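The next block is coords.cif, given as mmCIF, C-alpha atoms and all ligand atoms.
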data_structure
#
loop_
_atom_site.label_atom_id
_atom_site.label_comp_id
_atom_site.auth_asym_id
_atom_site.auth_seq_id
_atom_site.Cartn_x
_atom_site.Cartn_y
_atom_site.Cartn_z
CA MET A 1 -44.40 28.13 -27.03
CA THR A 2 -43.73 29.66 -30.47
CA ALA A 3 -43.13 27.58 -33.59
CA ASN A 4 -39.53 28.82 -33.63
CA SER A 5 -38.72 27.78 -30.09
CA GLN A 6 -40.35 24.39 -30.72
CA GLN A 7 -38.11 24.02 -33.74
CA ASP A 8 -35.04 25.01 -31.69
CA GLY A 9 -35.96 22.48 -29.04
CA LYS A 10 -36.23 19.72 -31.65
CA SER A 11 -32.89 20.66 -33.19
CA ARG A 12 -31.19 20.60 -29.78
CA GLN A 13 -32.74 17.22 -29.04
CA ARG A 14 -31.61 15.86 -32.38
CA LEU A 15 -28.05 17.06 -31.80
CA THR A 16 -28.00 15.56 -28.29
CA LEU A 17 -29.08 12.21 -29.73
CA LEU A 18 -26.49 12.50 -32.50
CA ALA A 19 -23.72 13.25 -30.00
CA ALA A 20 -24.80 10.30 -27.85
CA ARG A 21 -24.70 8.06 -30.91
CA ALA A 22 -21.20 9.27 -31.80
CA ARG A 23 -20.00 8.69 -28.22
CA ARG A 24 -21.32 5.12 -28.23
CA ARG A 25 -19.76 4.50 -31.60
CA LEU A 26 -16.36 5.90 -30.56
CA ALA A 27 -16.41 3.95 -27.30
CA GLU A 28 -17.00 0.75 -29.27
CA LEU A 29 -14.19 1.55 -31.72
CA GLY A 30 -11.92 2.48 -28.82
CA ARG A 31 -12.27 -1.05 -27.43
CA ARG A 32 -10.84 -2.45 -30.67
CA GLN A 33 -7.12 -2.83 -31.19
CA PRO A 34 -5.42 -0.88 -33.98
CA VAL A 35 -5.42 -2.97 -37.16
CA ARG A 36 -1.64 -2.82 -37.12
CA PRO A 37 0.70 -1.91 -34.29
CA GLY A 38 2.27 1.51 -34.67
CA PRO A 39 2.59 4.93 -33.09
CA THR A 40 -0.49 6.63 -31.71
CA LEU A 41 -1.82 9.65 -33.55
CA ASN A 42 -0.27 11.98 -30.99
CA GLU A 43 3.10 10.31 -31.48
CA SER A 44 2.74 10.53 -35.28
CA LEU A 45 1.87 14.20 -35.10
CA ALA A 46 4.72 14.94 -32.70
CA GLN A 47 7.14 13.27 -35.15
CA HIS A 48 6.05 15.84 -37.73
CA GLY A 49 6.22 18.79 -35.37
CA ILE A 50 2.45 19.17 -35.00
CA ASN A 51 1.41 19.89 -31.45
CA ARG A 52 -1.84 19.15 -29.65
CA ARG A 53 -3.00 22.73 -30.01
CA ASP A 54 -2.74 22.51 -33.83
CA PHE A 55 -4.62 19.25 -33.72
CA ILE A 56 -7.44 20.77 -31.66
CA LYS A 57 -7.62 23.71 -34.08
CA TRP A 58 -7.83 21.25 -36.95
CA SER A 59 -10.64 19.29 -35.25
CA VAL A 60 -12.63 22.49 -34.70
CA ALA A 61 -12.21 23.42 -38.38
CA MET A 62 -13.09 19.91 -39.56
CA THR A 63 -16.16 19.84 -37.31
CA ALA A 64 -17.34 23.10 -38.85
CA ALA A 65 -16.61 21.78 -42.35
CA LEU A 66 -18.77 18.75 -41.58
CA SER A 67 -21.58 21.18 -40.64
CA LEU A 68 -21.56 19.97 -37.05
CA PRO A 69 -21.77 22.32 -34.06
CA ALA A 70 -18.54 23.21 -32.25
CA LYS A 71 -19.35 20.97 -29.29
CA PHE A 72 -18.68 17.99 -31.59
CA ALA A 73 -15.02 19.00 -31.98
CA PRO A 74 -13.74 16.69 -29.19
CA LEU A 75 -15.65 13.84 -30.86
CA THR A 76 -14.08 14.67 -34.23
CA ALA A 77 -10.66 14.64 -32.57
CA LYS A 78 -11.40 11.27 -31.01
CA ALA A 79 -12.62 9.91 -34.35
CA ALA A 80 -9.32 10.97 -35.93
CA GLU A 81 -7.41 9.10 -33.21
CA LEU A 82 -9.46 5.98 -33.98
CA LEU A 83 -8.94 6.08 -37.74
CA ASN A 84 -6.48 3.20 -37.40
CA ARG A 85 -9.16 0.86 -36.03
CA ILE A 86 -10.79 0.12 -39.39
CA PRO A 87 -8.80 -1.38 -42.26
CA VAL A 88 -8.83 0.37 -45.61
CA VAL A 89 -8.41 -1.19 -49.05
CA TRP A 90 -7.53 1.31 -51.79
CA LEU A 91 -7.83 0.22 -55.42
CA HIS A 92 -6.56 1.92 -58.56
CA MET A 93 -8.45 1.60 -61.82
CA ALA A 94 -8.04 3.59 -65.07
CA GLU A 95 -6.61 6.96 -64.00
CA CYS A 96 -3.50 9.06 -63.63
CA THR A 97 -3.02 8.40 -59.87
CA GLY A 98 -3.24 12.16 -59.44
CA CYS A 99 -5.71 11.98 -56.57
CA VAL A 100 -3.47 10.05 -54.24
CA GLU A 101 -0.36 11.80 -55.53
CA SER A 102 -1.90 15.12 -54.58
CA PHE A 103 -2.20 13.87 -50.99
CA ILE A 104 1.21 12.29 -50.64
CA ARG A 105 3.52 14.53 -52.69
CA THR A 106 3.87 17.39 -50.32
CA ASP A 107 6.90 18.88 -48.63
CA ALA A 108 4.80 20.33 -45.83
CA PRO A 109 2.13 17.75 -44.98
CA THR A 110 -1.12 19.05 -43.57
CA LEU A 111 -2.87 17.27 -40.77
CA ASP A 112 -5.19 15.68 -43.32
CA THR A 113 -2.17 14.29 -45.17
CA LEU A 114 -0.72 12.92 -41.95
CA LEU A 115 -4.03 11.30 -41.10
CA PHE A 116 -3.93 9.67 -44.49
CA ASN A 117 -0.65 8.03 -43.40
CA TYR A 118 -2.22 7.06 -40.08
CA ILE A 119 -5.20 5.10 -41.44
CA SER A 120 -4.66 1.35 -41.70
CA LEU A 121 -4.05 0.92 -45.39
CA GLU A 122 -4.13 -2.81 -45.88
CA TYR A 123 -3.72 -2.59 -49.62
CA HIS A 124 -2.63 0.35 -51.76
CA GLU A 125 -0.98 -0.14 -55.13
CA THR A 126 0.82 3.21 -55.19
CA LEU A 127 2.32 2.90 -51.75
CA MET A 128 3.04 -0.80 -51.34
CA ALA A 129 6.37 -2.42 -52.12
CA ALA A 130 4.90 -5.65 -53.48
CA SER A 131 4.21 -6.29 -57.15
CA GLY A 132 3.01 -9.10 -59.40
CA TRP A 133 1.96 -12.33 -57.69
CA GLN A 134 2.76 -10.99 -54.25
CA ALA A 135 0.61 -7.89 -54.75
CA GLU A 136 -2.32 -9.97 -55.96
CA GLU A 137 -1.96 -12.27 -52.98
CA ASN A 138 -1.86 -9.27 -50.64
CA LEU A 139 -5.16 -8.05 -52.05
CA GLU A 140 -6.75 -11.50 -51.77
CA ASN A 141 -5.59 -11.74 -48.15
CA ALA A 142 -6.81 -8.26 -47.26
CA LEU A 143 -10.26 -8.97 -48.73
CA LYS A 144 -10.46 -12.35 -47.01
CA ASN A 145 -9.03 -11.44 -43.61
CA HIS A 146 -11.09 -8.28 -43.24
CA HIS A 147 -14.21 -9.42 -45.05
CA GLY A 148 -17.18 -7.35 -43.93
CA ASN A 149 -15.00 -4.98 -41.93
CA TYR A 150 -12.99 -2.76 -44.27
CA LEU A 151 -13.58 0.53 -45.98
CA LEU A 152 -13.09 0.43 -49.73
CA ILE A 153 -11.66 3.40 -51.59
CA VAL A 154 -11.51 3.28 -55.37
CA GLU A 155 -9.60 5.72 -57.55
CA GLY A 156 -10.06 5.68 -61.34
CA GLY A 157 -12.77 4.88 -63.86
CA ILE A 158 -13.65 1.33 -64.80
CA PRO A 159 -13.57 0.33 -68.50
CA THR A 160 -16.50 -1.92 -69.35
CA ALA A 161 -16.18 -2.47 -73.14
CA ALA A 162 -15.02 -5.90 -74.32
CA GLY A 163 -15.94 -7.46 -70.99
CA GLY A 164 -13.77 -4.99 -69.13
CA THR A 165 -10.56 -6.27 -70.73
CA PHE A 166 -9.26 -2.77 -71.47
CA LEU A 167 -8.15 -2.83 -67.84
CA THR A 168 -6.70 -6.00 -66.38
CA ILE A 169 -4.55 -6.09 -63.27
CA GLY A 170 -2.14 -8.68 -61.90
CA PRO A 171 -0.82 -12.01 -63.13
CA HIS A 172 -4.31 -13.51 -63.37
CA ALA A 173 -5.44 -10.57 -65.49
CA HIS A 174 -8.54 -9.90 -63.43
CA THR A 175 -10.54 -7.07 -64.93
CA GLY A 176 -11.19 -3.86 -63.05
CA ILE A 177 -14.88 -4.79 -63.01
CA GLU A 178 -14.18 -8.13 -61.31
CA ILE A 179 -11.84 -6.62 -58.75
CA CYS A 180 -14.20 -3.77 -57.83
CA ARG A 181 -17.22 -6.05 -57.54
CA LYS A 182 -15.38 -8.52 -55.36
CA ALA A 183 -13.92 -5.81 -53.13
CA ALA A 184 -17.23 -3.95 -52.79
CA ALA A 185 -19.05 -7.14 -51.79
CA GLY A 186 -17.05 -7.37 -48.55
CA ALA A 187 -16.80 -3.66 -47.72
CA LEU A 188 -18.44 -1.80 -44.87
CA ALA A 189 -18.68 1.31 -47.00
CA THR A 190 -17.32 2.31 -50.38
CA PHE A 191 -15.88 5.65 -51.46
CA ALA A 192 -15.11 6.70 -55.03
CA ILE A 193 -12.22 9.16 -54.90
CA GLY A 194 -11.85 11.64 -57.75
CA SER A 195 -13.97 12.36 -60.80
CA CYS A 196 -12.81 9.22 -62.64
CA ALA A 197 -14.04 6.80 -59.96
CA SER A 198 -17.12 8.94 -59.39
CA PHE A 199 -18.22 9.51 -62.97
CA GLY A 200 -15.69 7.92 -65.36
CA GLY A 201 -13.50 11.03 -65.74
CA VAL A 202 -11.38 11.73 -68.81
CA GLN A 203 -11.48 8.03 -69.74
CA ALA A 204 -15.22 8.41 -70.20
CA ALA A 205 -14.92 11.53 -72.37
CA TYR A 206 -16.54 11.30 -75.80
CA PRO A 207 -16.30 8.92 -77.64
CA ASN A 208 -15.33 6.85 -74.63
CA PRO A 209 -13.85 3.93 -76.58
CA THR A 210 -13.40 1.75 -73.48
CA GLN A 211 -16.88 2.58 -72.15
CA ALA A 212 -15.30 3.69 -68.89
CA LYS A 213 -17.77 4.23 -66.06
CA GLY A 214 -17.91 5.45 -62.52
CA LEU A 215 -17.84 2.88 -59.73
CA SER A 216 -21.51 3.31 -58.81
CA GLU A 217 -22.47 2.16 -62.31
CA ILE A 218 -20.79 -1.21 -61.99
CA ILE A 219 -21.45 -2.29 -58.41
CA ARG A 220 -24.71 -2.70 -56.51
CA GLN A 221 -23.54 -1.32 -53.18
CA PRO A 222 -24.00 2.36 -52.28
CA VAL A 223 -21.04 4.55 -53.20
CA ILE A 224 -20.08 7.90 -51.74
CA ASN A 225 -18.59 9.99 -54.53
CA ILE A 226 -15.80 12.45 -53.68
CA PRO A 227 -15.25 13.95 -57.13
CA GLY A 228 -12.64 16.48 -58.17
CA CYS A 229 -9.54 16.41 -60.33
CA PRO A 230 -8.12 15.98 -57.75
CA PRO A 231 -10.58 16.24 -54.85
CA SER A 232 -9.61 18.15 -51.76
CA GLU A 233 -7.95 16.03 -49.10
CA LYS A 234 -10.37 17.51 -46.55
CA ASN A 235 -13.38 16.31 -48.50
CA MET A 236 -11.96 12.83 -48.52
CA MET A 237 -10.78 12.79 -44.92
CA GLY A 238 -14.02 14.39 -43.71
CA SER A 239 -16.08 11.68 -45.35
CA LEU A 240 -13.98 8.98 -43.70
CA LEU A 241 -14.27 10.76 -40.37
CA HIS A 242 -18.02 10.99 -40.75
CA TYR A 243 -18.12 7.23 -41.12
CA ILE A 244 -15.85 6.72 -38.11
CA LEU A 245 -17.98 9.12 -36.04
CA PHE A 246 -21.43 7.82 -36.83
CA GLY A 247 -20.95 4.44 -38.51
CA SER A 248 -23.01 5.67 -41.41
CA LEU A 249 -22.59 7.52 -44.67
CA PRO A 250 -23.20 11.28 -44.90
CA ALA A 251 -26.26 12.79 -46.57
CA VAL A 252 -25.68 13.04 -50.29
CA ASP A 253 -26.95 14.96 -53.32
CA ARG A 254 -28.34 13.32 -56.44
CA TYR A 255 -24.83 12.45 -57.60
CA ASN A 256 -24.01 10.77 -54.28
CA ARG A 257 -21.69 13.60 -53.24
CA PRO A 258 -21.68 14.44 -49.53
CA ARG A 259 -23.77 17.54 -49.04
CA TRP A 260 -21.46 18.89 -46.37
CA SER A 261 -18.74 19.35 -48.98
CA TYR A 262 -20.58 19.58 -52.31
CA GLY A 263 -23.76 21.29 -51.12
CA LEU A 264 -23.00 24.74 -52.54
CA ARG A 265 -21.76 25.96 -55.87
CA VAL A 266 -18.20 27.17 -56.32
CA HIS A 267 -19.89 30.41 -57.41
CA ASP A 268 -21.73 30.75 -54.08
CA LEU A 269 -18.48 30.56 -52.13
CA CYS A 270 -16.23 32.47 -54.52
CA GLU A 271 -14.23 35.48 -53.33
CA ARG A 272 -14.86 37.10 -56.76
CA ARG A 273 -18.62 36.78 -56.41
CA GLY A 274 -18.96 40.47 -55.62
CA ARG A 275 -17.30 41.23 -58.98
CA PHE A 276 -19.81 38.98 -60.75
CA ASP A 277 -22.71 40.69 -59.03
CA ALA A 278 -21.26 44.08 -59.95
CA GLY A 279 -20.78 43.04 -63.59
CA GLU A 280 -16.98 43.34 -63.41
CA PHE A 281 -15.51 40.70 -65.70
CA VAL A 282 -12.12 39.71 -67.02
CA GLN A 283 -12.54 39.96 -70.81
CA ARG A 284 -9.21 38.35 -71.74
CA PHE A 285 -6.55 36.63 -69.66
CA GLY A 286 -3.93 39.19 -68.72
CA ASP A 287 -6.14 42.27 -69.15
CA GLU A 288 -6.59 45.01 -66.56
CA GLY A 289 -9.62 43.19 -65.08
CA ALA A 290 -7.50 40.09 -64.52
CA LYS A 291 -4.98 42.19 -62.59
CA LEU A 292 -7.78 43.66 -60.50
CA GLY A 293 -9.24 40.24 -59.63
CA TYR A 294 -12.46 40.58 -61.63
CA CYS A 295 -14.84 37.67 -62.18
CA LEU A 296 -13.64 34.99 -64.61
CA TYR A 297 -17.02 34.02 -66.01
CA LYS A 298 -16.38 35.47 -69.46
CA VAL A 299 -13.08 33.61 -69.77
CA GLY A 300 -14.82 30.33 -69.08
CA CYS A 301 -15.31 29.98 -65.32
CA LYS A 302 -17.79 27.16 -64.68
CA GLY A 303 -18.20 28.00 -60.98
CA PRO A 304 -21.92 28.78 -61.49
CA TYR A 305 -22.54 25.16 -62.57
CA THR A 306 -20.20 23.37 -60.20
CA PHE A 307 -20.85 22.11 -56.69
CA ASN A 308 -17.74 22.03 -54.53
CA ASN A 309 -16.14 23.86 -51.61
CA CYS A 310 -12.74 24.65 -53.19
CA SER A 311 -12.58 28.26 -52.04
CA ARG A 312 -12.99 27.11 -48.45
CA GLN A 313 -10.69 24.08 -48.40
CA LYS A 314 -8.19 25.13 -51.07
CA PHE A 315 -5.22 23.06 -52.28
CA ASN A 316 -1.43 22.94 -51.83
CA GLN A 317 -1.49 23.05 -48.05
CA GLY A 318 -4.46 25.39 -48.14
CA THR A 319 -2.64 28.11 -50.06
CA SER A 320 -4.81 28.58 -53.15
CA TRP A 321 -7.48 27.28 -55.50
CA PRO A 322 -8.08 27.70 -59.26
CA VAL A 323 -9.98 31.01 -59.19
CA GLN A 324 -7.57 32.54 -56.68
CA ALA A 325 -4.74 31.54 -59.02
CA GLY A 326 -6.43 33.44 -61.85
CA HIS A 327 -8.08 30.68 -63.89
CA GLY A 328 -11.77 29.91 -63.92
CA CYS A 329 -13.18 26.74 -62.42
CA ILE A 330 -13.40 24.06 -65.11
CA GLY A 331 -16.14 22.19 -63.28
CA CYS A 332 -13.95 19.23 -62.38
CA SER A 333 -16.32 17.83 -59.75
CA GLU A 334 -19.31 17.58 -62.09
CA PRO A 335 -20.24 14.47 -64.10
CA ASP A 336 -18.75 14.37 -67.63
CA PHE A 337 -17.01 17.69 -67.13
CA TRP A 338 -14.55 17.02 -69.96
CA ASP A 339 -17.46 17.06 -72.38
CA VAL A 340 -20.12 19.25 -70.85
CA MET A 341 -17.85 22.05 -69.62
CA ALA A 342 -15.82 22.39 -72.83
CA PRO A 343 -14.54 24.72 -74.17
CA LEU A 344 -12.98 25.45 -70.83
CA VAL A 345 -11.98 29.05 -71.51
CA GLU A 346 -15.28 30.23 -72.97
CA PRO A 347 -18.55 30.92 -71.20
CA ARG A 348 -21.38 28.43 -71.65
CA LYS A 349 -23.69 31.21 -72.88
CA ASP A 350 -27.00 29.75 -73.96
CA ARG A 351 -26.05 26.08 -73.82
CA LEU A 352 -28.21 24.53 -71.14
CA PHE A 353 -26.58 22.51 -68.46
CA ARG A 354 -28.05 19.89 -66.15
CA THR A 355 -26.98 20.85 -62.66
CA ALA A 356 -27.26 18.71 -59.57
CA PHE A 357 -30.59 20.31 -58.88
CA ARG A 358 -33.00 19.14 -61.54
CA GLY A 359 -31.39 20.96 -64.37
CA ARG A 360 -31.78 24.32 -62.66
CA GLY A 361 -28.91 26.39 -61.45
CA ALA A 362 -27.13 29.49 -62.49
CA ASP A 363 -27.77 29.08 -66.20
CA ALA A 364 -30.69 31.44 -66.22
CA THR A 365 -28.56 34.19 -64.79
CA ALA A 366 -25.05 33.43 -65.90
CA ASP A 367 -26.00 32.78 -69.51
CA LYS A 368 -27.55 36.19 -69.73
CA VAL A 369 -24.39 37.70 -68.37
CA GLY A 370 -22.47 35.97 -71.13
CA LEU A 371 -24.86 37.30 -73.74
CA GLY A 372 -24.77 40.76 -72.27
CA LEU A 373 -28.55 40.95 -71.94
CA LEU A 374 -28.65 42.16 -68.39
CA THR A 375 -27.34 45.28 -66.77
CA ALA A 376 -24.86 44.83 -63.97
CA ALA A 377 -27.51 45.61 -61.37
CA ALA A 378 -29.98 43.16 -62.78
CA VAL A 379 -27.27 40.51 -62.86
CA GLY A 380 -26.74 40.97 -59.15
CA ILE A 381 -30.43 40.66 -58.35
CA GLY A 382 -30.84 37.68 -60.66
CA ALA A 383 -27.85 35.90 -59.22
CA HIS A 384 -29.19 36.19 -55.69
CA ALA A 385 -32.59 34.98 -56.82
CA VAL A 386 -31.04 31.89 -58.37
CA TYR A 387 -28.96 31.36 -55.28
CA SER A 388 -32.13 31.35 -53.20
CA VAL A 389 -33.77 28.82 -55.50
CA VAL A 390 -30.78 26.56 -55.19
CA ARG A 391 -30.65 27.01 -51.45
CA GLY A 392 -34.33 26.17 -51.26
CA ASN A 393 -33.64 22.89 -52.97
CA PHE A 394 -31.24 21.86 -50.25
CA SER A 395 -33.99 21.31 -47.77
CA ASN A 396 -35.71 18.90 -50.17
CA PRO A 397 -34.78 15.25 -50.32
CA PRO A 398 -32.73 14.24 -53.37
CA ASP A 399 -34.81 13.90 -56.51
CA PRO A 400 -35.92 10.25 -56.44
CA GLY A 401 -36.30 10.17 -60.19
CA GLY A 402 -33.03 11.86 -60.94
CA GLY A 403 -30.40 10.12 -58.92
CA LYS A 404 -29.63 7.29 -56.58
CA LYS A 405 -29.64 7.78 -52.87
CA ALA A 406 -26.88 6.11 -50.91
CA ASP A 407 -28.27 4.20 -47.94
CA ALA A 408 -26.03 3.85 -44.97
CA PRO A 409 -24.87 0.26 -44.64
CA LYS A 410 -24.81 -1.39 -41.25
CA GLU A 411 -21.37 -2.04 -39.90
CA LYS A 412 -20.46 -5.58 -38.93
CA THR A 413 -18.30 -5.83 -35.85
FE1 LIG B 501 -16.10 33.24 -59.08
FE2 LIG B 501 -16.31 32.03 -61.40
FE3 LIG B 501 -18.52 32.78 -60.13
FE4 LIG B 501 -16.89 34.58 -61.24
S1 LIG B 501 -18.11 33.01 -62.31
S2 LIG B 501 -17.81 34.68 -59.19
S3 LIG B 501 -14.86 33.71 -60.88
S4 LIG B 501 -17.05 31.24 -59.45
FE1 LIG B 502 -12.30 21.75 -59.75
FE2 LIG B 502 -13.51 24.04 -60.05
FE3 LIG B 502 -12.66 23.34 -57.72
S1 LIG B 502 -12.03 23.14 -61.44
S2 LIG B 502 -10.83 22.18 -58.16
S3 LIG B 502 -14.25 22.31 -58.86
S4 LIG B 502 -12.62 25.38 -58.53
#
Take the structure in the file and give it back as structure tokens.
Ligand code: SF4
Ligand code: F3S
Amino acid sequence: MTANSQQDGKSRQRLTLLAARARRRLAELGRRQPVRPGPTLNESLAQHGINRRDFIKWSVAMTAALSLPAKFAPLTAKAAELLNRIPVVWLHMAECTGCVESFIRTDAPTLDTLLFNYISLEYHETLMAASGWQAEENLENALKNHHGNYLLIVEGGIPTAAGGTFLTIGPHAHTGIEICRKAAAGALATFAIGSCASFGGVQAAYPNPTQAKGLSEIIRQPVINIPGCPPSEKNMMGSLLHYILFGSLPAVDRYNRPRWSYGLRVHDLCERRGRFDAGEFVQRFGDEGAKLGYCLYKVGCKGPYTFNNCSRQKFNQGTSWPVQAGHGCIGCSEPDFWDVMAPLVEPRKDRLFRTAFRGRGADATADKVGLGLLTAAAVGIGAHAVYSVVRGNFSNPPDPGGGKKADAPKEKT
């Protein structure tokens, strides 16, 4: 038997075990009652004119996005149907509410948006009718009644200066720090949605007067970061589905971002990548190159330094994404992007940048493009070489010295 066929055999075995684990997990969830009575997923979809065929197509696409083989698609579909079996508590800290607004303010909801309505939101400040004392009581009840059994989603950075008093919520003026710590202590798994909850966001931009931080810096529990300003609804829903499917958190990079969605650079997946490799650049917004769809690196695109799957998942019901719309990526899913990516419409040139992979990344190539030191052909070769280096790093475990690894918590049933 060759080494390759041995490897194939092991992979098949691993997938069979993974599928068996998902089936057991889904069977267990299926025995639970929905957290709240309501229409089934099929009924909800039918109300919005989405038929079963669309749903199956969505589950195939989501399965592929999660880097699972196609035979997992029925399991993904089942996991979506069981999303209402686990309660969700969604907290808002210091932020603009743009992440959740981007999911709910749509005139043509996608399946991901509809699933967002289908999950059992036990507490959500943007969507609930309650306020003041009643809202605070609702949160207390949700944390108490579902202790050890809910998923926690946090949106927004958490101010920590002056004992956290730059952000107090409710009639008892609990600080964001207190609320997050209390909520995380009883959660099955915790997700930070958006760049503010993940890394502090604009609140944490220099000089950061409130000392705003990302959630993982103020709680002890593992946090899955879904950064972006806003993040794609698929990245968020996929991470929830992964938890429903396997009862564990997905593999993450050194910034605790799921690898299935943040494993490649925007640059690696960009439709203008061929232009970059060919040395065809927009020199100024509105020039002939802009009309021809040339690469936006010289007008500030930070795609070479940014890990995200925007060109695949897109925004606004999957219609477009920043580069397609004609503006460079501003690196919104990277830590401290307000500071480290500025100025947003100029190339980084020779300013070094710490990427998710031990400070290496596209700098070595892209900087030289900015400085005009390489010919177009050399740029292409260099870019592919860097890409290979980055790809090579994916098979390594996250740098133990450089970032925290999120361990999968055990679910209590
Ligand atoms: Fe695309 Fe930006 Fe990379 Fe150019 S620099 S190929 S526009 S991601
Ligand atoms: Fe953000 Fe860049 Fe995507 S700006 S939305 S990570 S293309």
Counting only C-alpha atoms and all ligand atoms, give me one row per residue of chain A with an atom at most 6 Å from an atom of ligand LIG 502 (chain B), showing the shortest contact pair and its distance in Å to one decimal, sorted by chain then residue number, as a Markdown table.
| residue | atom | partner | partner_atom | distance |
| --- | --- | --- | --- | --- |
| A:Gly228 | CA | B:LIG502 | FE1 | 5.5 |
| A:Asn308 | CA | B:LIG502 | S3 | 5.6 |
| A:Cys310 | CA | B:LIG502 | FE3 | 4.7 |
| A:Pro322 | CA | B:LIG502 | S4 | 5.2 |
| A:Cys329 | CA | B:LIG502 | FE2 | 3.6 |
| A:Ile330 | CA | B:LIG502 | S1 | 4.0 |
| A:Gly331 | CA | B:LIG502 | FE2 | 4.6 |
| A:Cys332 | CA | B:LIG502 | FE1 | 4.0 |
| A:Ser333 | CA | B:LIG502 | S3 | 5.0 |
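Taking all atoms listed in the file into account, every polymer residue with at least one atom at most 6 Å away from ligand LIG 501 (chain B) is listed here: Val266, His267, Cys270, Arg272, Arg273, Phe276, Cys295, Leu296, Tyr297, Cys301, Gly303, Pro304, Val323 and Gly328 of chain A.
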Using all atoms listed in the file, which residue out of A:Gln211, A:Thr76, A:Thr2, A:Thr168 lies closest to A:Ala19? A:Thr76
Env of stretch 42-50 of chain A: 12 Å cut, atoms = only C-alpha atoms, seq-sep filter 3 positions within chain, self excluded. Answer as a PyMOL selection string. chain A and resi 38-39+53-58+77-78+80-82+84+107-119
Distance in Å - atom CA of A:Arg259 versus atom CA of A:Val345: 27.9 Å
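Omitting stretch 143-146 of chain A and its sequence neighbours fewer than 2 positions away, and counting only C-alpha atoms, the residues within 9 Å are Pro87, Val89, Asn138, Leu139, Glu140, Asn141, Gly148, Asn149, Tyr150, Lys182, Ala183, Gly186 and Ala187 of chain A.
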Next, the residues of the selection above should be written as a compact mmCIF listing (two decimals), in the frame of the given file with C-alpha atoms.
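The result, written out as result_33.txt:
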# COMPACT_ATOMS: atom_id res chain seq x y z
CA PRO A 87 -8.80 -1.38 -42.26
CA VAL A 89 -8.41 -1.19 -49.05
CA ASN A 138 -1.86 -9.27 -50.64
CA LEU A 139 -5.16 -8.05 -52.05
CA GLU A 140 -6.75 -11.50 -51.77
CA ASN A 141 -5.59 -11.74 -48.15
CA GLY A 148 -17.18 -7.35 -43.93
CA ASN A 149 -15.00 -4.98 -41.93
CA TYR A 150 -12.99 -2.76 -44.27
CA LYS A 182 -15.38 -8.52 -55.36
CA ALA A 183 -13.92 -5.81 -53.13
CA GLY A 186 -17.05 -7.37 -48.55
CA ALA A 187 -16.80 -3.66 -47.72
Taking into account all atoms listed in the file, which residue in the set A:Met93, A:Ile86, A:Met62, A:Ile193 is nearest to A:Trp260?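 Closest to A:Trp260 of all the choices is A:Met62.
Here atom CA of A:Ala61 stands at a distance of 8.3 Å from atom CA of A:Ala73.
Minimum distance to A:Lys302 across A:Pro69, A:Gly201, A:Pro159, A:Pro343 (counting only C-alpha atoms) occurs at A:Pro343.
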Select, counting all atoms listed in the file, all protein, DNA and RNA residues no farther than 12 Å from (-7.8, 37.4, -70.1) in file coordinates, and express the selection as a ChimeraX atom specification. /A:281-301,326-328,345-346
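As for atom CA of A:Asn235 and atom CA of A:Leu151, they are spaced 16.0 Å apart.
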Counting all atoms listed in the file, what is within 12 Å of A:Gly164, bar same-chain residues fewer than 3 positions away, as a short mmCIF file (atom, residue, chain, number, x, y, z; two decimals) with C-alpha atoms, in the frame of the given file?
data_model
loop_
_atom_site.label_atom_id
_atom_site.label_comp_id
_atom_site.auth_asym_id
_atom_site.auth_seq_id
_atom_site.Cartn_x
_atom_site.Cartn_y
_atom_site.Cartn_z
CA MET A 93 -8.45 1.60 -61.82
CA ALA A 94 -8.04 3.59 -65.07
CA GLY A 157 -12.77 4.88 -63.86
CA ILE A 158 -13.65 1.33 -64.80
CA PRO A 159 -13.57 0.33 -68.50
CA THR A 160 -16.50 -1.92 -69.35
CA ALA A 161 -16.18 -2.47 -73.14
CA LEU A 167 -8.15 -2.83 -67.84
CA THR A 168 -6.70 -6.00 -66.38
CA ILE A 169 -4.55 -6.09 -63.27
CA ALA A 173 -5.44 -10.57 -65.49
CA HIS A 174 -8.54 -9.90 -63.43
CA THR A 175 -10.54 -7.07 -64.93
CA GLY A 176 -11.19 -3.86 -63.05
CA ILE A 177 -14.88 -4.79 -63.01
CA GLU A 178 -14.18 -8.13 -61.31
CA ILE A 179 -11.84 -6.62 -58.75
CA CYS A 180 -14.20 -3.77 -57.83
CA PRO A 209 -13.85 3.93 -76.58
CA THR A 210 -13.40 1.75 -73.48
CA GLN A 211 -16.88 2.58 -72.15
CA ALA A 212 -15.30 3.69 -68.89
CA LYS A 213 -17.77 4.23 -66.06
CA ILE A 218 -20.79 -1.21 -61.99
#
Name the closest residue to A:Ser216 among the candidates A:Ala162, A:Leu249, A:Val154, A:Gly274; distances are taken between atoms, counting all atoms listed in the file.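 Distance minimum relative to A:Ser216 lands on A:Val154.
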Given all atoms listed in the file as the basis, pick out the residue of A:Asn51, A:Ser67, A:Thr165, A:Ser195 nearest to A:Pro231. A:Ser195
From the list A:His92, A:Lys71, A:Arg85, A:Arg220, which residue is nearest A:Gly156 when using all atoms listed in the file?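 Closest to A:Gly156, using all atoms listed in the file: A:His92.
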At a cut-off of 8 Å, using all atoms listed in the file, what residues contact stretch 125-129 of chain A? Leave out same-chain residues fewer than 4 positions from it and give the result as a ChimeraX atom specification. /A:90-92,97,135
